[in-house]
Amino acid sequence: MFDALGASTSWLAIAPELFLLAAAIAVLAYDILAEPDDVEYHAAFTILGVGGAIAFTVAQWRSEIFEQEYFLNMLRVDGLAVTVRLALLVVLSMSLLAAWPLVRSLGRRGAELLALMLLATIGFSLLASSGNLIMMFIGLEVGSISLYVLAGITRERQLADEAAMKYFLLGSFASAIFVYGAALYYAGTGTLFLEGLGSLTQSLVFTRPGVLLVAMAMLAAGLLFKVTAAPFHAWAPDVYQGAPAGAVGFMAAIAKVGGFAGLGRIMWEAFGGFVDDWRPPLAAVAAMSIVVGTLLAIAQDDVRRMLAYSGIAHAGFILIGIVSGPVAAPEVAFYLIVYTVQLVAAFGVSAVVSGPGSSGSARTEYVGLARRSPVLAGTLALMMVGMSGMPVTSGFVAKFGVFREGWDAGVEWLVIVGLVASVAAFFFYLRVVVDMYFREPVGEAPGTLVASPRPTAPMTAMLIAAAIFTVAVGLYARPLLDFVASVL
Amino acid sequence: MEAVLFMIFGVVAVVGALSVILAKNPVYAALGLMATMFALAVFYVINLAHLVAAVQVIVYAGAVMTLFLFVIMLIGVDRAEDTTETIRYQRPLAVGVGLAIVGLGIAAVVSDEWSWTPLAPAGAVAPNGTMQAVAEQLFSSWAVPFEAVSLLLVVASIGAITLAYYLPSRRRKEDSDA
Amino acid sequence: MPDVDPSWYLGLAAVLFLIGATGMLTRRNALIMFMSVELMLNAVNLTFVAAGRAYGNLDGQLAVFFVLVVAAAEVVVGLAIIVAVFQKRVSANVDLLSELKG
Amino acid sequence: MDFPLLSALIMTPVVGSIVVALVPGRRRELHLPVGLVMSLLPIGLAGVLFADFRSTATFQMVEFAEWYADWGISWHLGVDGISMPLILLTVLLVPVSLAASTAITDRTKLFVIMVLLLEAGLIGVFVALDLMVFFVFFEAILIPMYFIIGIWGSEERIYAAIKFFLYTAFGSALMLAGIIALGALHAGQTGVWSFGYLDFLDLELARNTQGWLFAGFALAFAIKVPMVPVHTWLPDAHVQAPTAGSVLLAGVLLKLGTYGLLRFNLPLFPEATVDAVPIMATLAVIGIVYGAVVAIVQSDLKKLVAYSSVSHLGFIVLGIFALTHAGLEGGVIQMVNHGLTTGALFLLVGMIYERRHTKKISEFGGLAKSMPIFAGMFLFSAFASIGLPGLNGFVGEFLVLIGSYATLPAFAVVAATGVVLAAIYLLWAYERVFTGEPDRDENRSLPDLNVREVSLMVPLVVMMLVLGLYPKILLDRIEPSTSAVLDRVAAVTSFEVPEVSMGGE
Amino acid sequence: MTDVFEFVIEHLLWLIIAIPLAGALMLHFVGRRLGEPGAGYVATLASAASFGVAALASVPIFQGGDLAHHPTVVRLWDWMPSIGAALEMRWDPLAALMALIVTGVGTLIHLYSIGYMHGDPRFARFFTYLNLFAASMLTLVLADNFAMLFVGWELVGLCSYLLISFWFTKPSAAAAGKKAFIVNRIGDLAFIIGLMIVFTSFGTLSMSEVLEAPGEVITAGTATAICLLFLIGAAGKSAQIPLYVWLPDAMEGPTPVSALIHAATMVTAGVYLVARTASLYQLSGTASVVVATVGALTALVAATIAIGQNDIKKVLAYSTVSQLGYMFLAVGSTAYVAGMFHLMTHAFFKALLFLGAGSVIHGMHDEQDMRKMGGLLKRMPVTGWTMAIATLAIAGVFPFAGFWSKDEILASAFAAGGWFSVLWVIGLVTALITAFYMTRQFVMVFLGQPNWDEGVEPHESPATMTFPLGVLAVLSVVAGFVNIPKLNPALEHFLEPSLEGIEMAHVESTGLIVLLAVLSVSAAVIGIGLGLFVYYRGGTFRQWFQDRSRRPFLAWENAYWVDKMYGKLLVLPGKRLAQLAARFDDFFIDGIVNGVATVTARVGGALRPLQSGFVRSYGATLAAAVVGLAIWLLARGAL
């Protein structure tokens, strides 16, 4: 069938996705056919699939197909695609380790969970590498629908189905808006390819392409929804609280990575010529995200909800990079990698503390965690410090990167808003540290400790990896920075 | 001629759409939606999108709406719904948003600046959306998206199974404390 | 040549999209909200088709197919979610789903 | 300099903390001693630093390595006469405060690690010649300090820790904006980003721009100092922190503020500095008087010492913004002096707190009878703090006062009242705590200082005497650097440093 | 032989300070082991050795050679180079005189203390402080750099603090020590400000350079400012109005301390300072008038208060204040030699008085209330008779030491004329009062009927205590002969090199000198007579006197309520202000800080209802945001 595409075909270009898909299918098929009691084969398939995907993503970067377009420009193998794909795969790998207890506890549905995670990754990976709005839409939907299901996968719990329902309703609403934006883009340009507008910009006979501006608003809105930028954020706290702990880190991280990749493509590439139009409103969105996320995070008593709001603020910070234009692409990618690692690890800890299938994770559960489980407390503290953007952690380098670009791009006020909000944000990040380290666990009887949560081995490995990553990158981020800068 | 058709089916489409959001009974809403879909199918034909029109009728009006009605019946919500608003500020907000959009539309009509002038290449002929024409495109330049939607279907089916397939025996004790 | 300007269709699509969006915001029955989403997607399709005709290419029509599949997939998952919710709450009223807030 | 002495200075405590981390958790009794030994290593390096230091204005022991080349950040370290004394102070106070922490029995390992990391951060701040490196260390030290206060502090520790953290972080946020702006300005003027201190010295900044940047930096440093009215985190933090925390907080952390003002605000924004002199001097003088006045009526010994810090730090700021040779020198040496004296006072308060578990002045009385050595040490440190000639406190204050009179006569006169007020609050406190008959049973039988406690006071006492009698040992090394700063301010602005002949001639 | 002296001056001058300092250090560390009386002898020896070095170094000065006329400056080390602060010593007649007084009287008092402090548990510590004091005071008088002078200036304050509150378990003693230090600090504040001006004007703190020819560098106005500030400093140290209040309280300290520090040496530092900076005062002119006025007023006020005191040491304390007033009057009247002269004689007789009082207190088992004494002359003859000599000396009876010096002061004031004539009258009246209250004291303590408490058996003190009394008594008699106007102006000649170029008030006419002397002696005699009449002869007349003078007596007894007033007007409002400031800090400044935090958190909380949990309102927000975004994009160009 691909013969018609001629030279435009490249298996390598879609190899990572194919590996993931193969793994997903294998897991499902094995589950259906063999009805296994444990998940060891699932693990093997998944590892193979993810490993292959990572290997081929690196291969894409290293081979001559890099910086080329394939399938008649439907897919690209450019820096953004490769970086984001790698980021997605990192998120996936970490999340798989974190989700393993959930996979086990779900029984048969564990296979479906794995498959959905793999498929969601494929979806966002396609979103990040597509050169066509419809392709992008499909990727977005593959990812999103997987996430809707993930949100409700422990459906016996009331909060889980509420989360799934909210996520689904709002998600499909946002998707409709996105695709209407695509339609208007088509109406304005006659093409669905991203670079179409760029080539048309010179020959536009109308001075104010209203249709395109509305299209821009709607396309942006659809993706801003995914990355939880305020005021498109309302679903995030409810979903992150209600969805099963084991999967929520994955859900939050992967949508953010994919969403920002898409946003970057659309804003920088398709609407690159309209930068003066979209920069102020997008900057406003960034500011609003930062402020709303920070203020509401302060008011939270549930750690997962707090992380959701902080995620809104982080979306704002990353948006500073988007606002700064394509020159900030390395910084945005860096931020995404750094932040999602922390996010997955933090949610991972919450999954251990509150149970893998839990909905919500009250702060009181963390009191005295440092005594009960130093590894969990230490990691979570480090992640909190990292997210808050303290120096010597990767979070600082990431924040500094986007701030610098923002300042360079002329949105100094936004940087200052971000800086001040970072200070307020210390409050809620450090409050977790307070609970874990400064307060004593209150047992049933005096002197007895409440149950000590024990992370599983994969989880521990993931947490330690995340911790090392956070500190190592905080101390010496140059390899990673050089990598994203050279890829992008 | 086309104008007449546009008027007639335009009214049908709008009325159908309005009945979706105004009907107290979901069944009426579903039927209204179906009416709109049929009206749109007519427009597709007018706009030379023959295959689309056919698919619209078969898949959308036929399959999807049937699924809707099936679920309506299954979960027995085919009774009238109280449509008084209970969330504060929801109605005014919705109305406000609506008015803003209408305003935008009017502005778009009035203002020259925002007028929409498609740049059809000189001598472009409106394509005839026959099955063959569509298929040629679908299997060449749109091949990847076409393959990708299969993922979508996989996801959808997994989702449906996961969410709706109910296995009481598999319920774990720790899952039931909600 | 048609005596109806493509922009008429675009206008009609916009109206339908708007009605769909309004339904999304005003109805609390999850099923009707889904239908509103479908309505919005139909408006998108109309836009695609009309614009495609104006530009003289088939991309619009092809897009419709994909939107249609997406819509179908959404319906499947959405209805599954509704069923799941209904199994426990015996209601499709989304306003009842407001335990997560703040 | 082939051997990266400064990097080694930073890394030694880090390595030390790793070593401590590797000590098995069961061997609780080893954590503190091992940490103490580890904290002694930097003293050796600092000794080398002191010995190799040349009294010139240029930066020495410079190390340079690319860090984030395209962002303009490099690992650029160096010391001059302004930072060298503060490094010595840091490496001296850390072992002392560790040795004073035998009362910490809970999570000792974590404590020792935090103190050592804090030390690394503090040294880093003082040797950084790249503003981002500086900022990284400046901000990073908040974390260990936050833990030290929050875990091992007293009742209100959580409030104090968070307040300390947020307050100081707020200041540094605006400073970071300033740093980024400077980087951007550098990019604008030269085409490449840089955060190098020496590069920034070459920037040409409009007066207006300087004003904004000055404000951003100054706010951060003013909070750190702390200057009135942004000082209220200090009493809380001091009172709640454990002894080691208080010692390091007062001894070194506060100096980051004054150090920053001197290192960055003056040379980078000379015109704005000259413009800001009235404001900064006013705040400094208000701080001197206000801090002292508030200290008088404090009922908590630690709080009293904390407010005395507000007062004493005011002298440093006044000296810096007097823009005279003597003022700047006095400011720098007063940083060291305050670190020694206030550190000693906090140590002593900590020792009595360990015995009586209270810091309330009204709980004490007549301690001089039961604890004569303690009383003597306290009185000695108090007089050093009051500014008794012959002890170190006087040198700094006297230089500052004399130095600032030339340019800010009215301010200097008002500031001098701080000298009287210091005597009032400290001697009154001494009177209430130490004199009279010990009327409470628990005060009557308190054991006097033991050998450990005396021996950790001795280095401080000796330093107070040495610096009081022969401050030249530092002044000679400080002078070229402060002169360079002044020359820069004078060269760029219309400000004229008053030419008072340099003695003798 | 001369070479030895020169060698001492040029190379060993530092020993004068270092020996007592070393003594202090040694006693600090091993004093306890030395025990009693070893520690005392070590200290005394140190003081004596210092006296010895000072005496050796003084020889060339007495010889009046080159070394006398050109002050030797020895630089020990640089202290704060940028403000010209160095540790520099100066050896000239003035310094030599002061050094000899300090070490000489000091040694005697050290010796005396061995007996006085007998049995005190902190015996060694006491001598540590005494030696430290000696070192500090010598630092002060030997300084050739204002910075070094200030070192001594403050260190003597420290020693004063330590020694006043030596018996710190007594709350009043502790409070007195603190008060002394703080009041002194107020003076020091002015002194420091003065130093600021000095440095800013001269660019150095070296005294030789500043005092060489100040007129070439600064104007009279600046000089006045400096001098007035120095005056306030001196008033603090020398207990002049308005800062004298600490001195009476300082009597809480052991009596030898009162004798050494609060009579003979430390309190004269102010006088020394004025004399030392005479060239500045001369340049100013106005400042001298103020000095003299302050001195005269202090003399009068303190003398009247002394009448009303019943504590044997308080009388002496106010008498000291009064006598210091005389010295100020002298140096203010530009009679620097007279001032130094009185400083010297006063050191002898006031030390004697204090030591005598100490001996009495010692003998009376720590009783200090004179109303409970009387008739002690028989029990304590040595003390009594030496005290009698001292009383006559302070009263200014010919030919005792006090007569010569006081007479010279009054004569100089008279000679200065103008306003100084008024001051002269005050001085004369004060002389009368002085004689009166001293007589009163002597009578109440030594004459009349014993009013001892039961069980008190007064006894004469041991030899270590009476020996210094004897020496000082001799000095109180003969010291006046060193400077007899016209006949033997030895001291004047001696000090001349130090006061080169200073114009001093002088009475030229011999007749006038005699006349004035007669007047002052008459005042003394009348005072003594009145005293004897009222308190010794007494009976009905005493009753009459006391009835008549009840009101003033009340005022004198309470020292004009100055302490109370200071308390009400300064200390209490100060404390209130401090409390107010502390409240302001807690509630206002910190309130704002906490307020910002609270408001932030509240805003966060207030925003929470927006997240209502209703999916439809989320949808509405989303829709509104999209529309808003679109409108913004569209409106940008349209508007």
# chains A, B, ... in the order shown; residues from 1 in each chain; ligands from 1

$ residues_around --residues "Glu2 in chain B" --least-positions-apart "2" --cutoff "12 Å" --atoms "only C-alpha atoms" --output "ChimeraX atom specification"
/B:4-10,42-43,45-47 /C:1-6,8-9

$ residues_around --residues "range 45-49 of chain C" --least-positions-apart "6" --cutoff "6 Å" --atoms "only C-alpha atoms" --output "ChimeraX atom specification"
/A:183 /C:10,13,60-61,64

$ write_last_selection --atoms "N, CA and C atoms" --output "short mmCIF file (atom, residue, chain, number, x, y, z; two decimals), in the first residue's frame"
data_model
loop_
_atom_site.label_atom_id
_atom_site.label_comp_id
_atom_site.auth_asym_id
_atom_site.auth_seq_id
_atom_site.Cartn_x
_atom_site.Cartn_y
_atom_site.Cartn_z
N ALA A 183 -10.09 22.63 10.92
CA ALA A 183 -10.98 22.88 9.78
C ALA A 183 -10.88 24.33 9.32
N LEU C 10 -19.86 27.64 5.75
CA LEU C 10 -19.01 27.87 6.92
C LEU C 10 -19.81 28.54 8.03
N ALA C 13 -21.99 25.98 9.55
CA ALA C 13 -21.20 25.09 10.40
C ALA C 13 -20.89 25.77 11.72
N GLY C 60 -10.11 18.13 2.29
CA GLY C 60 -11.21 18.37 3.22
C GLY C 60 -12.04 17.12 3.40
N GLN C 61 -12.36 16.52 2.31
CA GLN C 61 -13.21 15.33 2.40
C GLN C 61 -12.50 14.20 3.11
N VAL C 64 -12.60 14.56 6.72
CA VAL C 64 -13.89 14.18 7.28
C VAL C 64 -13.88 12.71 7.71
#

$ closest_residue --among "A:Ile177, A:Ala151, A:Ala53, A:Leu102" --to "Val77 in chain C" --atoms "only C-alpha atoms"
A:Ala151

$ interface_residues --of "chain C" --to "chain A" --cutoff "8 Å" --atoms "only C-alpha atoms" --output "MDAnalysis selection string"
chainID C and resid 21 24 33:34 37 40:41 43:45 47:48 51:52 55 57 59:60 63 66:67 70 74 77:78 81:82 84:85 88 97:102

$ write_last_selection --atoms "N, CA, C and O atoms" --output "compact mmCIF listing (two decimals), in the first residue's frame"
# COMPACT_ATOMS: atom_id res chain seq x y z
N ALA C 21 -21.66 23.46 21.22
CA ALA C 21 -20.92 23.92 22.39
C ALA C 21 -21.88 24.34 23.49
O ALA C 21 -21.66 24.06 24.67
N MET C 24 -23.15 21.46 25.28
CA MET C 24 -22.10 20.96 26.16
C MET C 24 -22.15 21.65 27.52
O MET C 24 -21.88 21.06 28.55
N MET C 33 -24.68 15.44 26.31
CA MET C 33 -23.41 16.15 26.12
C MET C 33 -22.59 15.50 25.01
O MET C 33 -21.97 16.18 24.19
N PHE C 34 -22.60 14.17 25.01
CA PHE C 34 -21.92 13.47 23.91
C PHE C 34 -22.50 13.85 22.57
O PHE C 34 -21.77 14.08 21.60
N VAL C 37 -21.21 16.97 21.46
CA VAL C 37 -19.88 16.85 20.88
C VAL C 37 -19.98 16.34 19.45
O VAL C 37 -19.29 16.83 18.54
N MET C 40 -20.87 19.05 17.24
CA MET C 40 -19.72 19.91 16.95
C MET C 40 -18.83 19.27 15.89
O MET C 40 -18.36 19.94 14.96
N LEU C 41 -18.62 17.98 16.02
CA LEU C 41 -17.77 17.31 15.04
C LEU C 41 -18.43 17.35 13.66
O LEU C 41 -17.75 17.46 12.63
N ALA C 43 -20.27 19.74 12.59
CA ALA C 43 -20.02 21.09 12.09
C ALA C 43 -18.62 21.18 11.50
O ALA C 43 -18.40 21.79 10.44
N VAL C 44 -17.68 20.53 12.18
CA VAL C 44 -16.32 20.50 11.66
C VAL C 44 -16.31 19.87 10.27
O VAL C 44 -15.69 20.38 9.33
N ASN C 45 -17.01 18.76 10.15
CA ASN C 45 -17.04 18.07 8.87
C ASN C 45 -17.60 18.96 7.77
O ASN C 45 -17.07 19.00 6.66
N THR C 47 -17.55 22.09 7.61
CA THR C 47 -16.53 23.09 7.28
C THR C 47 -15.49 22.50 6.33
O THR C 47 -15.12 23.12 5.33
N PHE C 48 -15.05 21.29 6.67
CA PHE C 48 -14.05 20.66 5.83
C PHE C 48 -14.54 20.51 4.40
O PHE C 48 -13.86 20.86 3.43
N ALA C 51 -15.04 23.93 2.61
CA ALA C 51 -13.78 24.59 2.30
C ALA C 51 -13.04 23.82 1.21
O ALA C 51 -12.43 24.41 0.32
N GLY C 52 -13.12 22.50 1.28
CA GLY C 52 -12.44 21.69 0.27
C GLY C 52 -12.99 22.00 -1.11
O GLY C 52 -12.22 22.10 -2.07
N TYR C 55 -11.56 25.29 -2.32
CA TYR C 55 -10.16 25.23 -2.73
C TYR C 55 -9.93 24.26 -3.86
O TYR C 55 -8.83 24.17 -4.39
N ASN C 57 -9.75 20.99 -3.63
CA ASN C 57 -8.98 19.77 -3.38
C ASN C 57 -9.76 18.85 -2.47
O ASN C 57 -10.75 19.24 -1.84
N ASP C 59 -8.62 17.21 0.16
CA ASP C 59 -8.13 17.03 1.52
C ASP C 59 -9.23 17.20 2.55
O ASP C 59 -9.29 16.49 3.55
N GLY C 60 -10.11 18.13 2.29
CA GLY C 60 -11.21 18.37 3.22
C GLY C 60 -12.04 17.12 3.40
O GLY C 60 -12.35 16.70 4.52
N ALA C 63 -10.25 14.54 5.37
CA ALA C 63 -10.22 14.87 6.79
C ALA C 63 -11.50 14.41 7.46
O ALA C 63 -11.48 13.93 8.60
N PHE C 66 -11.44 10.93 8.73
CA PHE C 66 -10.69 10.71 9.95
C PHE C 66 -11.44 11.25 11.16
O PHE C 66 -11.49 10.62 12.21
N VAL C 67 -12.06 12.41 10.95
CA VAL C 67 -12.84 12.97 12.06
C VAL C 67 -13.95 12.00 12.42
O VAL C 67 -14.25 11.78 13.62
N VAL C 70 -12.62 9.18 14.44
CA VAL C 70 -12.35 9.65 15.79
C VAL C 70 -13.64 9.76 16.56
O VAL C 70 -13.74 9.34 17.72
N GLU C 74 -14.52 7.87 19.97
CA GLU C 74 -14.89 8.58 21.17
C GLU C 74 -16.22 8.08 21.71
O GLU C 74 -16.41 7.93 22.92
N VAL C 77 -15.78 4.76 23.57
CA VAL C 77 -15.21 4.91 24.90
C VAL C 77 -16.13 5.70 25.80
O VAL C 77 -16.35 5.37 26.98
N GLY C 78 -16.70 6.74 25.23
CA GLY C 78 -17.58 7.59 26.04
C GLY C 78 -18.76 6.81 26.56
O GLY C 78 -19.10 6.90 27.75
N ILE C 81 -17.79 4.62 29.29
CA ILE C 81 -17.64 5.33 30.56
C ILE C 81 -19.01 5.60 31.18
O ILE C 81 -19.22 5.42 32.38
N ILE C 82 -19.94 6.02 30.33
CA ILE C 82 -21.27 6.29 30.85
C ILE C 82 -21.86 5.03 31.47
O ILE C 82 -22.41 5.06 32.58
N ALA C 84 -20.24 2.57 32.68
CA ALA C 84 -19.53 2.28 33.92
C ALA C 84 -20.04 3.15 35.05
O ALA C 84 -20.26 2.68 36.18
N VAL C 85 -20.22 4.41 34.75
CA VAL C 85 -20.73 5.31 35.78
C VAL C 85 -22.13 4.91 36.19
O VAL C 85 -22.48 4.86 37.38
N LYS C 88 -22.85 2.15 38.74
CA LYS C 88 -22.72 2.46 40.15
C LYS C 88 -23.73 3.49 40.62
O LYS C 88 -24.22 3.43 41.74
N LEU C 97 -21.40 14.13 39.58
CA LEU C 97 -19.97 13.80 39.64
C LEU C 97 -19.19 15.05 40.04
O LEU C 97 -18.56 15.69 39.21
N SER C 98 -19.33 15.40 41.29
CA SER C 98 -18.59 16.60 41.69
C SER C 98 -17.98 16.41 43.07
O SER C 98 -17.92 17.31 43.88
N GLU C 99 -17.52 15.21 43.32
CA GLU C 99 -16.83 15.00 44.58
C GLU C 99 -15.40 15.53 44.53
O GLU C 99 -14.84 15.94 45.54
N LEU C 100 -14.84 15.47 43.37
CA LEU C 100 -13.49 16.01 43.20
C LEU C 100 -13.60 17.48 42.88
O LEU C 100 -14.13 17.86 41.85
N LYS C 101 -13.12 18.27 43.77
CA LYS C 101 -13.18 19.71 43.50
C LYS C 101 -12.22 20.44 44.42
O LYS C 101 -11.63 19.87 45.32
N GLY C 102 -12.14 21.75 44.19
CA GLY C 102 -11.37 22.61 45.10
C GLY C 102 -9.97 22.88 44.66
O GLY C 102 -9.25 22.17 44.10

$ closest_atom_pairs --of "chain A" --to "chain D" --cutoff "9 Å" --atoms "only C-alpha atoms" --output "Markdown table"
| residue | atom | partner | partner_atom | distance |
| --- | --- | --- | --- | --- |
| A:Val385 | CA | D:Ile143 | CA | 8.4 |
| A:Met390 | CA | D:Ala140 | CA | 6.5 |
| A:Pro391 | CA | D:Val136 | CA | 5.0 |
| A:Val392 | CA | D:Ala140 | CA | 6.6 |
| A:Phe396 | CA | D:Val136 | CA | 8.5 |
| A:Phe400 | CA | D:Ile180 | CA | 8.5 |
| A:Gly401 | CA | D:Trp71 | CA | 8.3 |
| A:Phe403 | CA | D:Ile180 | CA | 7.8 |
| A:Arg404 | CA | D:Ile180 | CA | 6.1 |
| A:Trp407 | CA | D:Ala181 | CA | 7.1 |
| A:Asp408 | CA | D:Ala184 | CA | 6.2 |
| A:Glu412 | CA | D:Ala177 | CA | 8.4 |
| A:Val415 | CA | D:Ala177 | CA | 7.3 |
| A:Ile416 | CA | D:Ala177 | CA | 6.4 |
| A:Leu419 | CA | D:Ala173 | CA | 5.3 |
| A:Val420 | CA | D:Ala173 | CA | 6.2 |
| A:Ser422 | CA | D:Ala173 | CA | 7.8 |
| A:Val423 | CA | D:Phe170 | CA | 5.4 |
| A:Ala424 | CA | D:Leu166 | CA | 7.2 |
| A:Phe426 | CA | D:Leu166 | CA | 6.7 |
| A:Phe427 | CA | D:Leu166 | CA | 6.9 |
| A:Leu430 | CA | D:Ile162 | CA | 7.7 |
| A:Arg431 | CA | D:Ile162 | CA | 8.2 |
| A:Val433 | CA | D:Phe147 | CA | 9.0 |
| A:Val434 | CA | D:Ile158 | CA | 7.0 |
| A:Tyr437 | CA | D:Ile151 | CA | 6.6 |
| A:Phe438 | CA | D:Ile151 | CA | 4.9 |
| A:Arg439 | CA | D:Ile151 | CA | 8.1 |
| A:Tyr476 | CA | D:Trp67 | CA | 7.7 |
| A:Ala477 | CA | D:Tyr68 | CA | 8.0 |
| A:Arg478 | CA | D:Tyr68 | CA | 6.1 |
| A:Leu481 | CA | D:Tyr68 | CA | 8.4 |
| A:Asp482 | CA | D:Tyr68 | CA | 8.9 |

$ closest_residue --among "D:Ala322, D:Ile316, D:Asp80, D:Asn443" --to "Val277 in chain D" --atoms "only C-alpha atoms"
D:Ala322

$ residues_around --residues "Lys472 in chain D" --least-positions-apart "3" --cutoff "7 Å" --atoms "only C-alpha atoms" --output "list in words"
Leu475 and Asp476 of chain D; Trp79 and Met80 of chain E

$ atom_distance --atom1 "CA of Asp3 in chain E" --atom2 "CA of Ala55 in chain E"
14.7 Å
